[in-house]
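Colleague: Sharing a structure, written as structure tokens. Questions coming.
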Amino acid sequence: MNNKYKVGVDLGGTNIAVGVIDDEYNIIGRGKLKTNVPRPAKEIMADIVKAVRMAVEDAGITVDEIESIGIGTPGNVNKKKGIIEYANNLDFNNVPAVEMINELIDAKVYLENDANCAALGEAIAGVGKGKKLFVAVTLGTGVGGGIINDGKVMSGCNEAGGELGHMVIQMDGVPCNCGRVGCWEAYASATALVEQTREAMLKNPDSKMWEISPSIDCVSGRTAFDAMRAGDAAGSAVVEQYIKYVAVGTINIINIFQPEMICFGGGICNEGETLLAPLRKYVEQFRYSRYCATQTEICRAKLGNDAGIIGAALVSY
């Protein structure tokens with residue numbers, strides 16, 4: 001065991017979650033504060049350092065024993081300059097995050113996109129351990145993604161690559177928050193599933209979905225799945241269509257990258273094989289590589305909410 005530890009920061013719109021990890025990727029100390037946006041970036045950076053110190057104290061070590069601090073942030077980062085170039089849900093625009101952090105704590109600081117951090121965590125310490133080419137997809141409020149090749153994040157010439165949720169799967173389709181229409185995120189996110197469920201409920205007033213969610217405002221990503229399990233035809237139709245949407249993007253990823261593994265995370269993945277088994281069937285039927293001897297493994301993520309923390313701690317460049 002080294003006497004140096006790595007710290008990972010998962011910077012989100014709601015919480016700043018920090019963990020200290022050891023050589024075996026175990027989180028041995030934690031710190032957490034509310035992000036409380038909107039407010040000045042300097043205040044948020046100060047709270048990151050405060051949460052880091054909380055985690056260090058919780059781990060029973062000192063700041064001098066920190067080898068590096070990795071920060072996973074929404075949006076685009078400029079690693080060379082240590083700048084968070086743009087993160088809309090934090091209201092960040094060209095924030096010199098590394099400089100701000102180093103004014104308050106003496107440590108090597110790395111920046112990386114949060115979805116890439118989650119993918120890196122799963123690739124190195126989670127379900128993708130031992131895989132060379134690995135893709136992680138998160139079905140949450142949006143659709144996040146990360147591509148890991150030989151332990152390194154693939155993010156392109158401007159560090160903005162890997163935005164898998166913003167490939168178009170339906171030309172002239174549903175509007176997406178990114179400004180385009182027809183993005184995978186607009187069909188396969190948990191947010192999209194909730195909207196699809198609401199639309200089906202309004203068209204089917206006798207559906208059991210109304211018993212599960214008595215109000216349109218009560219609909220969740222579980223509503224249609226629960227209705228399907230109760231034998232409801234409308235709920236079953238929503239689930240089948242949703243899984244087809246997830247499959248279209250998954251097949252695109254496989255056709256382009258042919259990764260050894262794609263793992264899925266996010267709240268929808270609590271459905272487990274109810275989601276993944278039919279997804280695999282669609283993929284097996286329509287992927288271009290269906291006659292190849294070696295195929296991409298499709299599975300559920302392992303690390304849960306800790307993936308971003310562990311992955312951020314493992315960032316280096």
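Ordering of the structure tokens sets the chain letters (A, B, ...), residue numbers begin anew at 1 in every chain, and ligands are numbered from 1 in the order given.
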Applying 8 Å and only C-alpha atoms, which residues near A:Ser189 remain after dropping the ones on its own chain fewer than 3 positions away? List them as a list in words.

Modeller: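 Selected residues are Leu139, Gly140, Thr141, Gly142, Val143, Trp184, Glu185, Ala186, Ala192 and Leu193 of chain A.
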
Colleague: Kindly export the residues of the current selection with N, CA, C and O atoms, as a short mmCIF file (atom, residue, chain, number, x, y, z; two decimals), in the first residue's frame.

Modeller:
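This went into again39.cif:
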data_model
loop_
_atom_site.label_atom_id
_atom_site.label_comp_id
_atom_site.auth_asym_id
_atom_site.auth_seq_id
_atom_site.Cartn_x
_atom_site.Cartn_y
_atom_site.Cartn_z
N LEU A 139 -28.38 5.99 -18.28
CA LEU A 139 -29.75 6.37 -18.63
C LEU A 139 -30.34 7.10 -17.43
O LEU A 139 -30.93 6.50 -16.53
N GLY A 140 -30.16 8.41 -17.41
CA GLY A 140 -30.63 9.23 -16.31
C GLY A 140 -31.47 10.38 -16.81
O GLY A 140 -32.25 10.23 -17.75
N THR A 141 -31.31 11.54 -16.19
CA THR A 141 -32.00 12.74 -16.65
C THR A 141 -31.72 12.97 -18.12
O THR A 141 -32.59 13.37 -18.89
N GLY A 142 -30.49 12.72 -18.51
CA GLY A 142 -30.10 12.69 -19.91
C GLY A 142 -29.52 11.32 -20.22
O GLY A 142 -29.71 10.37 -19.46
N VAL A 143 -28.81 11.21 -21.33
CA VAL A 143 -28.07 9.98 -21.64
C VAL A 143 -26.60 10.35 -21.68
O VAL A 143 -26.15 11.07 -22.58
N TRP A 184 -30.63 10.69 -29.33
CA TRP A 184 -30.87 9.48 -28.53
C TRP A 184 -31.36 9.84 -27.14
O TRP A 184 -32.27 9.22 -26.60
N GLU A 185 -30.78 10.89 -26.56
CA GLU A 185 -31.19 11.34 -25.23
C GLU A 185 -32.67 11.69 -25.16
O GLU A 185 -33.33 11.47 -24.14
N ALA A 186 -33.20 12.24 -26.25
CA ALA A 186 -34.61 12.65 -26.27
C ALA A 186 -35.56 11.47 -26.34
O ALA A 186 -36.78 11.64 -26.20
N ALA A 192 -37.17 11.04 -20.91
CA ALA A 192 -37.95 10.69 -22.10
C ALA A 192 -38.95 9.59 -21.79
O ALA A 192 -40.10 9.63 -22.24
N LEU A 193 -38.52 8.60 -21.00
CA LEU A 193 -39.42 7.50 -20.64
C LEU A 193 -40.62 8.02 -19.85
O LEU A 193 -41.76 7.58 -20.08
#

Colleague: Taking a cut-off of 10 Å and counting only C-alpha atoms, can you build a table that, for each residue of stretch 74-188 of chain A near stretch 18-37 of chain A, reports the nearest atom pair and how far apart they are in Å (one decimal), sorted by chain then residue number, as JSON lines?

Modeller:
{"residue": "A:Asn89", "atom": "CA", "partner": "A:Val37", "partner_atom": "CA", "distance": 8.2}
{"residue": "A:Leu90", "atom": "CA", "partner": "A:Val37", "partner_atom": "CA", "distance": 6.3}
{"residue": "A:Asp91", "atom": "CA", "partner": "A:Val37", "partner_atom": "CA", "distance": 8.0}
{"residue": "A:Gly121", "atom": "CA", "partner": "A:Tyr25", "partner_atom": "CA", "distance": 9.0}
{"residue": "A:Ile124", "atom": "CA", "partner": "A:Tyr25", "partner_atom": "CA", "distance": 8.9}
{"residue": "A:Ala125", "atom": "CA", "partner": "A:Tyr25", "partner_atom": "CA", "distance": 6.3}
{"residue": "A:Gly126", "atom": "CA", "partner": "A:Tyr25", "partner_atom": "CA", "distance": 9.4}

Colleague: What are the closest atom pairs, with distances in Å to one decimal, for all residues of stretch 265-308 of chain A lying within 9 Å of stretch 216-233 of chain A? Consider only C-alpha atoms, order rows by chain and residue number, and present the result as JSON lines.

Modeller:
{"residue": "A:Gly267", "atom": "CA", "partner": "A:Gly221", "partner_atom": "CA", "distance": 8.0}
{"residue": "A:Ile268", "atom": "CA", "partner": "A:Gly221", "partner_atom": "CA", "distance": 6.4}
{"residue": "A:Glu271", "atom": "CA", "partner": "A:Phe225", "partner_atom": "CA", "distance": 8.1}
{"residue": "A:Thr274", "atom": "CA", "partner": "A:Phe225", "partner_atom": "CA", "distance": 8.5}

Colleague: Selection from above, C-alpha atoms, as an mmCIF file, in the first residue's frame, can you write it?

Modeller:
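See result.cif below for the written result:
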data_model
loop_
_atom_site.group_PDB
_atom_site.id
_atom_site.type_symbol
_atom_site.label_atom_id
_atom_site.label_comp_id
_atom_site.auth_asym_id
_atom_site.auth_seq_id
_atom_site.Cartn_x
_atom_site.Cartn_y
_atom_site.Cartn_z
ATOM 1 C CA GLY A 267 -31.952 4.571 -12.254
ATOM 2 C CA ILE A 268 -33.702 2.800 -15.144
ATOM 3 C CA GLU A 271 -34.937 -2.962 -13.783
ATOM 4 C CA THR A 274 -36.239 -6.824 -17.459
#

Colleague: Which polymer residues have any atom within 8 Å of an atom of A:Val246, counting only C-alpha atoms, with same-chain residues fewer than 2 positions away left out, as an NGL selection string?

Modeller: :A and (184 or 187-188 or 242-244 or 248-250 or 279)

Colleague: Next, the residues of the selection above should be written as a PDB file, in the first residue's frame with N, CA, C and O atoms.

Modeller:
ATOM      1  N   TRP A 184     -30.633  10.686 -29.332  1.00  0.00           N
ATOM      2  CA  TRP A 184     -30.870   9.477 -28.530  1.00  0.00           C
ATOM      3  C   TRP A 184     -31.363   9.845 -27.143  1.00  0.00           C
ATOM      4  O   TRP A 184     -32.272   9.216 -26.604  1.00  0.00           O
ATOM      5  N   TYR A 187     -35.010  10.263 -26.527  1.00  0.00           N
ATOM      6  CA  TYR A 187     -35.830   9.053 -26.622  1.00  0.00           C
ATOM      7  C   TYR A 187     -35.492   8.024 -25.539  1.00  0.00           C
ATOM      8  O   TYR A 187     -36.364   7.251 -25.132  1.00  0.00           O
ATOM      9  N   ALA A 188     -34.240   7.986 -25.097  1.00  0.00           N
ATOM     10  CA  ALA A 188     -33.790   6.887 -24.242  1.00  0.00           C
ATOM     11  C   ALA A 188     -33.469   7.288 -22.811  1.00  0.00           C
ATOM     12  O   ALA A 188     -33.163   6.420 -21.990  1.00  0.00           O
ATOM     13  N   TYR A 242     -39.711   1.830 -25.621  1.00  0.00           N
ATOM     14  CA  TYR A 242     -38.558   2.452 -24.964  1.00  0.00           C
ATOM     15  C   TYR A 242     -37.302   1.604 -25.161  1.00  0.00           C
ATOM     16  O   TYR A 242     -36.228   2.127 -25.484  1.00  0.00           O
ATOM     17  N   ILE A 243     -37.425   0.306 -24.971  1.00  0.00           N
ATOM     18  CA  ILE A 243     -36.261  -0.570 -25.128  1.00  0.00           C
ATOM     19  C   ILE A 243     -35.764  -0.560 -26.575  1.00  0.00           C
ATOM     20  O   ILE A 243     -34.559  -0.617 -26.826  1.00  0.00           O
ATOM     21  N   LYS A 244     -36.673  -0.427 -27.534  1.00  0.00           N
ATOM     22  CA  LYS A 244     -36.254  -0.293 -28.931  1.00  0.00           C
ATOM     23  C   LYS A 244     -35.429   0.981 -29.120  1.00  0.00           C
ATOM     24  O   LYS A 244     -34.423   0.979 -29.844  1.00  0.00           O
ATOM     25  N   VAL A 248     -31.540   1.105 -30.489  1.00  0.00           N
ATOM     26  CA  VAL A 248     -31.051   1.797 -31.692  1.00  0.00           C
ATOM     27  C   VAL A 248     -29.701   2.459 -31.415  1.00  0.00           C
ATOM     28  O   VAL A 248     -28.735   2.296 -32.181  1.00  0.00           O
ATOM     29  N   GLY A 249     -29.611   3.207 -30.319  1.00  0.00           N
ATOM     30  CA  GLY A 249     -28.346   3.854 -29.985  1.00  0.00           C
ATOM     31  C   GLY A 249     -27.262   2.859 -29.641  1.00  0.00           C
ATOM     32  O   GLY A 249     -26.094   3.037 -29.996  1.00  0.00           O
ATOM     33  N   THR A 250     -27.653   1.795 -28.947  1.00  0.00           N
ATOM     34  CA  THR A 250     -26.680   0.769 -28.569  1.00  0.00           C
ATOM     35  C   THR A 250     -26.072   0.116 -29.807  1.00  0.00           C
ATOM     36  O   THR A 250     -24.855  -0.100 -29.888  1.00  0.00           O
ATOM     37  N   LEU A 279     -33.254  -5.983 -24.592  1.00  0.00           N
ATOM     38  CA  LEU A 279     -32.293  -5.113 -25.284  1.00  0.00           C
ATOM     39  C   LEU A 279     -31.284  -5.960 -26.048  1.00  0.00           C
ATOM     40  O   LEU A 279     -30.983  -5.694 -27.214  1.00  0.00           O
TER      41      LEU A 279
END

Colleague: If you run DSSP on the backbone, which residues of stretch 79-136 of chain A are strand (DSSP E or B), as a list in words?

Modeller: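 Strand (DSSP E or B) assignments inside stretch 79-136 of chain A correspond to Ile83, Ile84, Glu85, Tyr86, Ala87, Phe92, Asn93, Asn94, Val95, Lys108, Val109, Tyr110, Leu111, Glu112, Asn113, Leu133, Phe134, Val135 and Ala136 of chain A.
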
Colleague: Need the shell around A:Cys263: protein/DNA/RNA residues with any atom at most 9 Å away, counting only C-alpha atoms. Skip same-chain ones fewer than 4 positions apart. Format as a list of chain:residue names?

Modeller: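 Selected residues are A:Ala119, A:Glu122, A:Val127, A:Gly128, A:Phe134, A:Val135, A:Ala136, A:Val137, A:Thr138, A:Glu297, A:Ile298, A:Cys299, A:Arg300, A:Ala301, A:Lys302.
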
Colleague: Would you mind telling me which residue in A:Arg287, A:Asp64, A:Asn305, A:Ala312 lies nearest to A:Asn15 when using only C-alpha atoms?

Modeller: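 Using only C-alpha atoms, the shortest distance to A:Asn15 belongs to A:Asn305.
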
Colleague: Per residue of stretch 221-312 of chain A within 7 Å of stretch 113-118 of chain A, note the shortest atom pair and the distance in Å to one decimal, counting only C-alpha atoms, and order the rows by chain and increasing residue number, as JSON lines.

Modeller:
{"residue": "A:Ala307", "atom": "CA", "partner": "A:Ala118", "partner_atom": "CA", "distance": 4.6}
{"residue": "A:Gly308", "atom": "CA", "partner": "A:Ala118", "partner_atom": "CA", "distance": 4.0}
{"residue": "A:Gly311", "atom": "CA", "partner": "A:Cys117", "partner_atom": "CA", "distance": 4.4}
{"residue": "A:Ala312", "atom": "CA", "partner": "A:Cys117", "partner_atom": "CA", "distance": 5.0}

Colleague: Could you save those same residues with C-alpha atoms as a short mmCIF file (atom, residue, chain, number, x, y, z; two decimals), in the first residue's frame?

Modeller:
data_model
loop_
_atom_site.label_atom_id
_atom_site.label_comp_id
_atom_site.auth_asym_id
_atom_site.auth_seq_id
_atom_site.Cartn_x
_atom_site.Cartn_y
_atom_site.Cartn_z
CA ALA A 307 -18.39 5.27 -10.28
CA GLY A 308 -17.94 9.02 -10.80
CA GLY A 311 -13.21 7.44 -11.91
CA ALA A 312 -12.39 11.06 -11.08
#

Colleague: I need the residues in stretch 35-247 of chain A that are alpha helix (DSSP H) according to DSSP; give them as a PyMOL selection string.

Modeller: chain A and resi 41-59+97-102+114-125+185-188+190-203+209-212+223-229+233-247

Colleague: Would you list the contacts of A:Val153 as a CSV table (one decimal) with all heavy atoms, in the first residue's frame, taking every protein, DNA or RNA residue within 9 Å and counting only C-alpha atoms, but skipping same-chain residues closer than 2 positions in sequence?

Modeller:
chain,number,residue,atom,x,y,z
A,116,ASN,N,-17.4,10.8,-18.4
A,116,ASN,CA,-16.2,10.1,-18.7
A,116,ASN,C,-15.6,9.5,-17.4
A,116,ASN,O,-15.0,8.4,-17.5
A,116,ASN,CB,-15.2,11.0,-19.4
A,116,ASN,CG,-15.5,11.4,-20.8
A,116,ASN,OD1,-16.2,10.6,-21.5
A,116,ASN,ND2,-15.0,12.5,-21.3
A,117,CYS,N,-15.7,10.2,-16.3
A,117,CYS,CA,-15.2,9.7,-15.1
A,117,CYS,C,-15.9,8.5,-14.6
A,117,CYS,O,-15.3,7.5,-14.2
A,117,CYS,CB,-15.4,10.8,-14.0
A,117,CYS,SG,-14.2,12.2,-14.1
A,119,ALA,N,-17.4,6.3,-16.6
A,119,ALA,CA,-17.0,5.3,-17.5
A,119,ALA,C,-15.6,4.8,-17.1
A,119,ALA,O,-15.4,3.5,-17.0
A,119,ALA,CB,-16.9,5.8,-18.9
A,120,LEU,N,-14.7,5.7,-16.7
A,120,LEU,CA,-13.3,5.3,-16.3
A,120,LEU,C,-13.4,4.5,-15.0
A,120,LEU,O,-12.7,3.5,-14.9
A,120,LEU,CB,-12.5,6.5,-16.1
A,120,LEU,CG,-11.0,6.3,-15.9
A,120,LEU,CD1,-10.3,5.6,-17.0
A,120,LEU,CD2,-10.3,7.6,-15.6
A,146,GLY,N,-19.4,7.4,-22.0
A,146,GLY,CA,-17.9,7.5,-21.9
A,146,GLY,C,-17.3,6.3,-22.7
A,146,GLY,O,-17.8,5.2,-22.6
A,147,ILE,N,-16.2,6.6,-23.4
A,147,ILE,CA,-15.5,5.6,-24.2
A,147,ILE,C,-14.1,5.4,-23.6
A,147,ILE,O,-13.4,6.4,-23.6
A,147,ILE,CB,-15.5,5.9,-25.6
A,147,ILE,CG1,-16.9,6.2,-26.2
A,147,ILE,CG2,-14.8,4.8,-26.5
A,147,ILE,CD1,-16.9,7.1,-27.4
A,148,ILE,N,-13.8,4.2,-23.2
A,148,ILE,CA,-12.5,4.0,-22.6
A,148,ILE,C,-11.7,3.0,-23.4
A,148,ILE,O,-12.2,1.9,-23.7
A,148,ILE,CB,-12.6,3.4,-21.1
A,148,ILE,CG1,-13.5,4.3,-20.3
A,148,ILE,CG2,-11.2,3.3,-20.5
A,148,ILE,CD1,-13.1,5.8,-20.1
A,149,ASN,N,-10.5,3.4,-23.8
A,149,ASN,CA,-9.6,2.6,-24.6
A,149,ASN,C,-8.3,2.4,-23.9
A,149,ASN,O,-7.6,3.3,-23.7
A,149,ASN,CB,-9.4,3.2,-26.0
A,149,ASN,CG,-8.7,2.2,-27.0
A,149,ASN,OD1,-8.7,1.0,-26.8
A,149,ASN,ND2,-8.0,2.8,-27.9
A,150,ASP,N,-8.0,1.1,-23.5
A,150,ASP,CA,-6.8,0.8,-22.8
A,150,ASP,C,-6.6,1.7,-21.6
A,150,ASP,O,-5.5,2.2,-21.4
A,150,ASP,CB,-5.6,0.9,-23.8
A,150,ASP,CG,-4.4,0.1,-23.4
A,150,ASP,OD1,-4.6,-0.8,-22.6
A,150,ASP,OD2,-3.3,0.3,-23.9
A,151,GLY,N,-7.6,1.9,-20.8
A,151,GLY,CA,-7.5,2.7,-19.6
A,151,GLY,C,-7.5,4.2,-19.8
A,151,GLY,O,-7.4,4.9,-18.8
A,155,SER,N,-11.7,11.2,-25.9
A,155,SER,CA,-12.6,12.5,-25.9
A,155,SER,C,-12.3,13.4,-27.0
A,155,SER,O,-12.8,14.5,-27.0
A,155,SER,CB,-12.4,13.2,-24.5
A,155,SER,OG,-11.0,13.4,-24.2
A,162,GLY,N,-17.4,11.8,-27.0
A,162,GLY,CA,-18.1,10.8,-26.2
A,162,GLY,C,-19.5,11.2,-25.8
A,162,GLY,O,-20.1,10.6,-24.9
A,315,VAL,N,-8.3,9.8,-12.8
A,315,VAL,CA,-7.9,10.6,-13.9
A,315,VAL,C,-6.5,11.0,-13.8
A,315,VAL,O,-6.0,11.4,-12.8
A,315,VAL,CB,-8.8,11.8,-14.1
A,315,VAL,CG1,-8.3,12.8,-15.1
A,315,VAL,CG2,-10.3,11.4,-14.4

Colleague: For A:Met171, please output as a list of chain:residue names all residues within 10 Å (counting only C-alpha atoms; exclusion window: fewer than 4 positions along the same chain).

Modeller: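 Non-adjacent residues within range: A:Arg180, A:Val181, A:Gly182, A:Cys183.
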
Colleague: Quick check, in Å to one decimal: how far apart do atom CA of A:Lys42 and atom CA of A:Met100 lie?

Modeller: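 Interatomic distance, atom CA of A:Lys42 to atom CA of A:Met100: 6.8 Å.
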
Colleague: Report, in Å with one decimal, the straight-line distance from atom CA of A:Gly82 to atom CA of A:Ala97.

Modeller: 6.2 Å

Colleague: One decimal, in Å: what's the spacing between atom CA of A:Ile48 and atom CA of A:Ala190?

Modeller: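 Pair atom CA of A:Ile48 / atom CA of A:Ala190 returns 28.3 Å.
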